[in-house]
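query_29.cif follows (mmCIF, C-alpha atoms and all ligand atoms):
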data_target
loop_
_atom_site.label_atom_id
_atom_site.label_comp_id
_atom_site.auth_asym_id
_atom_site.auth_seq_id
_atom_site.Cartn_x
_atom_site.Cartn_y
_atom_site.Cartn_z
CA MET A 24 0.00 0.00 0.00
CA LEU A 25 1.83 3.07 -1.25
CA THR A 26 0.81 6.61 -0.45
CA GLY A 27 2.15 10.13 -0.90
CA LYS A 28 3.83 9.70 2.46
CA CYS A 29 6.21 6.97 1.27
CA VAL A 30 9.84 7.91 0.78
CA ASP A 31 12.79 6.62 -1.25
CA THR A 32 15.80 8.57 -0.03
CA HIS A 33 18.33 7.01 -2.41
CA CYS A 34 17.39 6.27 -6.00
CA HIS A 35 19.46 6.73 -9.18
CA LEU A 36 16.61 7.97 -11.36
CA ASP A 37 18.94 8.98 -14.17
CA LEU A 38 20.29 5.45 -14.57
CA TYR A 39 17.06 3.70 -15.56
CA PRO A 40 16.68 2.89 -19.27
CA ALA A 41 13.36 4.80 -19.41
CA PRO A 42 13.43 7.24 -16.49
CA ALA A 43 10.47 9.34 -17.70
CA HIS A 44 8.13 6.43 -16.94
CA ILE A 45 9.51 6.13 -13.43
CA VAL A 46 9.03 9.86 -12.90
CA GLN A 47 5.41 9.53 -14.06
CA GLU A 48 4.82 6.70 -11.60
CA ILE A 49 6.45 8.64 -8.74
CA ASN A 50 4.26 11.65 -9.46
CA ARG A 51 1.13 9.52 -9.75
CA ILE A 52 1.64 8.14 -6.23
CA GLY A 53 3.25 11.31 -4.89
CA LEU A 54 6.27 9.41 -3.54
CA HIS A 55 9.07 11.49 -2.00
CA VAL A 56 12.26 10.58 -3.81
CA ILE A 57 15.81 11.80 -3.38
CA ALA A 58 17.28 11.39 -6.86
CA VAL A 59 20.97 10.89 -6.16
CA THR A 60 23.60 11.26 -8.87
CA ASN A 61 27.12 9.87 -9.19
CA ALA A 62 28.94 12.81 -10.77
CA PRO A 63 28.38 16.58 -10.94
CA PHE A 64 28.07 16.72 -14.75
CA VAL A 65 24.88 14.62 -14.75
CA PHE A 66 23.11 16.69 -12.10
CA GLN A 67 21.49 19.08 -14.55
CA ALA A 68 19.95 16.26 -16.60
CA THR A 69 18.52 14.75 -13.41
CA GLN A 70 17.09 18.12 -12.46
CA ALA A 71 15.45 18.34 -15.88
CA LEU A 72 14.11 14.81 -15.45
CA ALA A 73 12.51 15.73 -12.12
CA GLY A 74 10.88 18.72 -13.82
CA ASP A 75 8.48 20.58 -11.57
CA SER A 76 7.68 17.54 -9.44
CA GLY A 77 7.54 18.83 -5.89
CA SER A 78 8.32 15.41 -4.43
CA ILE A 79 11.47 14.52 -6.43
CA HIS A 80 14.60 16.08 -4.97
CA PRO A 81 17.59 16.09 -7.36
CA SER A 82 20.77 15.51 -5.43
CA ILE A 83 24.28 16.47 -6.54
CA GLY A 84 26.95 13.84 -5.94
CA LEU A 85 30.37 12.45 -6.62
CA HIS A 86 30.43 8.72 -5.99
CA PRO A 87 33.62 7.55 -4.24
CA GLU A 88 34.23 4.96 -6.95
CA LEU A 89 34.17 7.76 -9.54
CA VAL A 90 36.59 10.02 -7.68
CA LYS A 91 39.45 8.48 -9.63
CA SER A 92 37.92 9.33 -13.03
CA HIS A 93 35.78 12.39 -12.16
CA GLY A 94 37.58 13.88 -9.16
CA THR A 95 38.34 17.06 -11.12
CA GLN A 96 34.60 17.84 -11.02
CA LEU A 97 34.81 18.45 -7.27
CA SER A 98 35.03 22.22 -7.78
CA MET A 99 31.87 22.11 -9.90
CA LEU A 100 30.06 20.35 -7.05
CA LEU A 101 31.35 22.74 -4.39
CA GLU A 102 30.22 25.77 -6.42
CA ARG A 103 26.74 24.35 -6.97
CA LEU A 104 26.27 23.60 -3.26
CA GLN A 105 25.31 27.23 -2.64
CA ASP A 106 21.89 26.60 -4.11
CA ILE A 107 21.38 22.84 -3.94
CA ARG A 108 20.14 21.34 -0.70
CA PHE A 109 20.41 17.62 -1.48
CA VAL A 110 23.86 16.07 -1.72
CA GLY A 111 24.76 12.52 -2.75
CA GLU A 112 25.85 10.01 -3.58
CA VAL A 113 29.08 10.84 -1.81
CA GLY A 114 31.27 9.00 0.70
CA LEU A 115 34.04 6.43 0.79
CA ASP A 116 34.49 3.00 -0.75
CA TYR A 117 37.37 0.84 0.44
CA SER A 118 36.62 -2.20 -1.76
CA GLU A 119 39.95 -1.59 -3.48
CA LYS A 120 43.06 -1.74 -1.33
CA ILE A 121 44.80 1.12 -3.13
CA GLU A 122 45.96 3.59 -0.51
CA HIS A 123 46.42 6.64 -2.73
CA GLU A 124 42.92 6.21 -4.14
CA ARG A 125 41.45 5.95 -0.67
CA ARG A 126 43.36 9.07 0.30
CA GLN A 127 41.97 10.91 -2.72
CA GLN A 128 38.44 9.79 -1.80
CA ARG A 129 38.90 11.10 1.74
CA LYS A 130 40.16 14.43 0.41
CA VAL A 131 37.12 14.82 -1.84
CA PHE A 132 34.65 13.69 0.83
CA GLU A 133 36.27 15.97 3.42
CA SER A 134 35.92 19.01 1.10
CA ILE A 135 32.26 18.22 0.47
CA LEU A 136 31.52 17.72 4.17
CA GLN A 137 33.34 20.92 5.05
CA LYS A 138 31.34 22.95 2.54
CA CYS A 139 28.09 21.37 3.77
CA GLN A 140 29.06 22.14 7.35
CA GLU A 141 29.84 25.73 6.40
CA LEU A 142 26.57 26.29 4.51
CA GLY A 143 24.42 24.22 6.87
CA ASP A 144 21.09 22.51 6.18
CA LYS A 145 22.24 20.01 3.55
CA ILE A 146 20.76 16.54 3.34
CA VAL A 147 23.60 14.18 2.47
CA SER A 148 23.24 10.56 1.30
CA ILE A 149 26.44 8.69 2.13
CA HIS A 150 28.06 5.53 0.76
CA SER A 151 30.35 3.74 3.23
CA ARG A 152 31.25 0.31 1.84
CA ARG A 153 34.08 -1.16 3.94
CA ALA A 154 34.78 2.35 5.17
CA VAL A 155 32.16 2.78 7.87
CA SER A 156 34.48 3.89 10.68
CA ASP A 157 36.17 6.56 8.57
CA VAL A 158 32.83 7.84 7.30
CA ILE A 159 31.36 8.13 10.82
CA ASP A 160 34.51 9.83 12.12
CA MET A 161 34.59 12.28 9.23
CA VAL A 162 30.94 13.28 9.57
CA GLY A 163 31.62 13.64 13.28
CA PHE A 164 29.28 14.88 15.98
CA GLY A 165 27.07 17.91 15.48
CA PHE A 166 26.93 17.95 11.68
CA ARG A 167 24.92 21.06 10.68
CA GLY A 168 22.49 19.26 8.46
CA THR A 169 21.31 15.69 7.95
CA ALA A 170 23.71 12.86 7.23
CA ILE A 171 22.10 9.66 5.99
CA LEU A 172 24.08 6.42 5.91
CA HIS A 173 22.80 4.69 2.80
CA TRP A 174 23.00 0.84 2.89
CA PHE A 175 24.78 0.65 6.24
CA ALA A 176 26.71 -2.62 6.52
CA GLY A 177 29.02 -2.13 9.48
CA THR A 178 29.23 -3.68 12.92
CA GLU A 179 26.88 -3.10 15.86
CA LYS A 180 29.58 -1.03 17.50
CA GLN A 181 29.81 1.21 14.43
CA LEU A 182 26.04 1.41 14.40
CA ALA A 183 26.10 2.70 17.97
CA ALA A 184 28.72 5.30 17.00
CA ALA A 185 26.55 6.44 14.09
CA HIS A 186 23.59 6.83 16.47
CA ARG A 187 25.72 8.90 18.85
CA ASN A 188 26.74 11.19 15.99
CA GLY A 189 23.10 11.75 15.03
CA LEU A 190 23.13 9.98 11.68
CA PHE A 191 20.09 8.57 9.90
CA PHE A 192 19.99 5.17 8.15
CA SER A 193 18.27 4.47 4.86
CA ILE A 194 17.20 0.86 4.49
CA ASN A 195 16.71 -0.91 1.16
CA PRO A 196 15.18 -4.23 0.05
CA ALA A 197 18.60 -5.93 -0.28
CA MET A 198 19.29 -5.25 3.40
CA VAL A 199 15.91 -6.69 4.35
CA LEU A 200 16.72 -9.85 2.37
CA SER A 201 20.04 -10.52 4.11
CA ASN A 202 20.53 -11.93 7.61
CA SER A 203 23.23 -9.45 8.56
CA GLY A 204 21.11 -6.60 7.18
CA ARG A 205 18.11 -7.67 9.24
CA ARG A 206 20.21 -7.90 12.41
CA LEU A 207 21.42 -4.34 11.90
CA ILE A 208 17.96 -3.00 11.07
CA ALA A 209 16.69 -4.49 14.34
CA ALA A 210 19.35 -2.52 16.20
CA MET A 211 18.48 0.82 14.58
CA HIS A 212 16.47 3.35 16.53
CA PRO A 213 13.10 3.72 14.74
CA SER A 214 13.42 7.52 14.87
CA ARG A 215 16.54 7.33 12.67
CA VAL A 216 15.21 5.01 10.00
CA LEU A 217 14.40 6.02 6.41
CA THR A 218 13.54 3.87 3.38
CA GLU A 219 15.35 3.67 0.04
CA THR A 220 15.75 1.37 -2.96
CA ASP A 221 19.13 2.24 -4.53
CA GLY A 222 17.35 1.51 -7.79
CA PRO A 223 18.20 0.49 -10.42
CA PHE A 224 21.23 -1.17 -8.76
CA ILE A 225 19.27 -3.52 -6.54
CA ASP A 226 17.68 -6.51 -8.14
CA ILE A 227 14.26 -7.74 -7.08
CA ASP A 228 13.19 -11.03 -8.67
CA GLY A 229 15.42 -10.35 -11.66
CA LYS A 230 14.16 -6.79 -12.16
CA ALA A 231 15.77 -3.47 -11.31
CA ALA A 232 14.32 -2.08 -8.09
CA LEU A 233 11.80 0.75 -8.50
CA PRO A 234 10.99 3.48 -5.95
CA SER A 235 7.70 1.70 -5.28
CA ASN A 236 9.71 -1.25 -3.93
CA VAL A 237 10.15 0.64 -0.63
CA GLU A 238 7.01 -1.35 0.11
CA ILE A 239 9.22 -4.38 0.82
CA VAL A 240 11.05 -2.41 3.49
CA ILE A 241 7.80 -1.03 4.93
CA LYS A 242 6.39 -4.56 5.28
CA HIS A 243 9.54 -5.74 7.02
CA LEU A 244 9.49 -2.81 9.46
CA ALA A 245 5.83 -3.42 10.25
CA ASN A 246 6.73 -6.96 11.33
CA LEU A 247 9.84 -5.89 13.21
CA TRP A 248 8.17 -3.02 15.04
CA ASN A 249 5.02 -5.03 15.56
CA THR A 250 2.77 -2.40 14.06
CA SER A 251 0.75 -1.73 10.91
CA GLU A 252 2.18 -0.70 7.56
CA GLU A 253 0.21 2.55 7.83
CA GLU A 254 1.94 3.32 11.13
CA VAL A 255 5.37 2.54 9.62
CA ILE A 256 4.64 4.90 6.72
CA GLU A 257 3.66 7.64 9.21
CA ARG A 258 6.82 7.13 11.27
CA ILE A 259 9.17 7.10 8.29
CA TYR A 260 7.45 10.15 6.85
CA GLY A 261 7.85 11.87 10.22
CA ASN A 262 11.56 10.99 10.16
CA PHE A 263 11.83 12.31 6.60
CA LEU A 264 10.20 15.61 7.59
CA ARG A 265 12.54 15.90 10.56
CA ALA A 266 15.53 15.03 8.36
CA THR A 267 14.62 17.68 5.80
CA ASP A 268 13.23 20.28 8.17
CA LYS A 269 14.54 23.81 7.84
CA PRO A 270 16.24 24.88 10.01
CA HIS A 271 17.65 21.55 11.03
CA ARG A 272 16.57 20.24 14.41
CA GLU A 273 18.32 17.70 16.61
CA SER A 274 16.75 14.25 16.56
CA PRO A 275 16.50 12.21 19.77
MN MN I 301 23.67 4.18 -4.82
#

Can the structure from this file be put into structure tokens for me?
Amino acid sequence: MLTGKCVDTHCHLDLYPAPAHIVQEINRIGLHVIAVTNAPFVFQATQALAGDSGSIHPSIGLHPELVKSHGTQLSMLLERLQDIRFVGEVGLDYSEKIEHERRQQRKVFESILQKCQELGDKIVSIHSRRAVSDVIDMVGFGFRGTAILHWFAGTEKQLAAAHRNGLFFSINPAMVLSNSGRRLIAAMHPSRVLTETDGPFIDIDGKAALPSNVEIVIKHLANLWNTSEEEVIERIYGNFLRATDKPHRESP
């Protein structure tokens, strides 16, 4: 049961083969979608794709795995931050054990975080594969905006550290389908939980995940929190409003 209160805080709209159809579907339901991008030069096209939809939020990003090839676009991103509130996908990815690349990623991420901290009120969707501790340390405590850990896959200890630093967590269907993901979701404070799909990168029954697939996460949370799907939708929507509230307020 999807309503205009459902949210997908991490979706790569621009990477679907026929994104206009997805946009139509989002607008029909009224879903709130953060349309992340992987490099600054594709932001404008994503903005055009979102059109005048009030519920699609184009987000400017520089994916850590693209820092190597597109790192020179950092200045473009930093300039645009003045008038763009949504930032992502950004972060760190330590899948490759190449120290100078990791260092370059940290430099880029640090510059972005610094600018966000300076301007305040940014909503940042963060990738942290195999780099959770560094990401949490770099965001730090008292970030002047909202930091969302997308697809968190760290330890329970790291999860506790993320809670202490005030971070949000966006949960996707792949996390719900894995044992380790479910264990972590159960340890997340409900007031910090958001829903996402990471579409089209996540596969659901052989098909690229769509924003409407947040329903899978909603169903799981209803079971976990022992409440109705309607109540889960209300809570997540409440979290989303708090996460995107202006000016930013501290969450419990
Ligand atoms: Mn992603």

Next item on the list: Check every protein, DNA and RNA residue against ligand MN 301 (chain I), keep those with an atom at most 7 Å away (counting all atoms listed in the file), and present them as a VMD selection string.
Entry: chain A and resid 33 to 35 112 221

Next item on the list: Measuring atom to atom with only C-alpha atoms, identify which of A:Leu264, A:Ile52, A:Ala197, A:Ile149 is nearest to A:Asp226.
Entry: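 Ranking A:Leu264, A:Ile52, A:Ala197, A:Ile149 by distance to A:Asp226, first place goes to A:Ala197.
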
Check: So what do you get for atom CA of A:Leu217 versus atom CA of A:Phe263, distance-wise?
Finding: 6.8 Å

Next item on the list: Give the answer as one residue: which of A:Val90, A:Ala71, A:Thr32, A:Ile135 has the shortest atom-to-atom distance to A:Val46, using only C-alpha atoms?
Entry: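 Between A:Val90, A:Ala71, A:Thr32, A:Ile135, the residue approaching A:Val46 most closely is A:Ala71.
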
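Each of A:Trp174, A:Trp248, A:Tyr39, A:Phe166 was compared to A:Leu190 using all atoms listed in the file, and A:Phe166 turns out to be the nearest.
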
Item checked: Protein, DNA and RNA residues within 9 Å of (11.5, 3.9, -2.4), all atoms listed in the file, as a PyMOL selection string -> chain A and resi 29-34+54-56+195+218-222+232-238+240

Checklist line | Shortest interatomic distance to A:Lys91 - which of A:Arg125, A:His243, A:Arg187, A:Arg167, counting only C-alpha atoms | finding: A:Arg125

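Among the candidate residues A:Gly261, A:Val216, A:Leu200, A:Ile45, the one lying nearest to A:Ile239 is A:Leu200, with distances computed using all atoms listed in the file.
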
Next item on the list: Work out how far apart atom CA of A:Arg51 and atom CA of A:Lys242 are and give it in Å to one decimal.
Entry: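 Those two atoms sit 21.3 Å apart.
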
Please produce stretch 142-157 of chain A, completed to N, CA, C and O atoms, as a short mmCIF file (atom, residue, chain, number, x, y, z; two decimals), keeping the file's coordinate frame.
data_model
loop_
_atom_site.label_atom_id
_atom_site.label_comp_id
_atom_site.auth_asym_id
_atom_site.auth_seq_id
_atom_site.Cartn_x
_atom_site.Cartn_y
_atom_site.Cartn_z
N LEU A 142 27.84 25.75 5.01
CA LEU A 142 26.57 26.29 4.51
C LEU A 142 25.40 25.89 5.39
O LEU A 142 24.43 26.63 5.52
N GLY A 143 25.48 24.72 6.01
CA GLY A 143 24.42 24.22 6.87
C GLY A 143 23.21 23.73 6.07
O GLY A 143 23.06 24.04 4.88
N ASP A 144 22.37 22.91 6.76
CA ASP A 144 21.09 22.51 6.18
C ASP A 144 21.11 21.64 4.94
O ASP A 144 20.14 21.62 4.19
N LYS A 145 22.21 20.93 4.70
CA LYS A 145 22.24 20.01 3.55
C LYS A 145 21.77 18.63 4.01
O LYS A 145 21.96 18.24 5.16
N ILE A 146 21.18 17.92 3.08
CA ILE A 146 20.76 16.54 3.34
C ILE A 146 21.67 15.66 2.49
O ILE A 146 21.63 15.70 1.26
N VAL A 147 22.52 14.87 3.17
CA VAL A 147 23.60 14.18 2.47
C VAL A 147 23.42 12.66 2.54
O VAL A 147 23.31 12.08 3.63
N SER A 148 23.37 12.01 1.37
CA SER A 148 23.24 10.56 1.30
C SER A 148 24.63 9.95 1.09
O SER A 148 25.29 10.21 0.09
N ILE A 149 25.04 9.11 2.05
CA ILE A 149 26.44 8.69 2.13
C ILE A 149 26.66 7.19 1.94
O ILE A 149 26.02 6.36 2.59
N HIS A 150 27.61 6.90 1.07
CA HIS A 150 28.06 5.53 0.76
C HIS A 150 29.24 5.22 1.69
O HIS A 150 30.11 6.07 1.87
N SER A 151 29.28 4.02 2.25
CA SER A 151 30.35 3.74 3.23
C SER A 151 30.87 2.31 3.17
O SER A 151 31.30 1.75 4.17
N ARG A 152 30.86 1.72 1.95
CA ARG A 152 31.25 0.31 1.84
C ARG A 152 32.67 0.07 2.32
O ARG A 152 33.62 0.66 1.81
N ARG A 153 32.79 -0.80 3.31
CA ARG A 153 34.08 -1.16 3.94
C ARG A 153 34.83 0.05 4.47
O ARG A 153 36.06 0.00 4.64
N ALA A 154 34.12 1.12 4.71
CA ALA A 154 34.78 2.35 5.17
C ALA A 154 33.94 3.03 6.25
O ALA A 154 34.00 4.24 6.42
N VAL A 155 33.15 2.22 6.94
CA VAL A 155 32.16 2.78 7.87
C VAL A 155 32.80 3.65 8.96
O VAL A 155 32.35 4.76 9.22
N SER A 156 33.87 3.14 9.57
CA SER A 156 34.48 3.89 10.68
C SER A 156 34.98 5.25 10.23
O SER A 156 34.73 6.27 10.89
N ASP A 157 35.67 5.29 9.09
CA ASP A 157 36.17 6.56 8.57
C ASP A 157 35.03 7.52 8.24
O ASP A 157 35.10 8.71 8.54
#
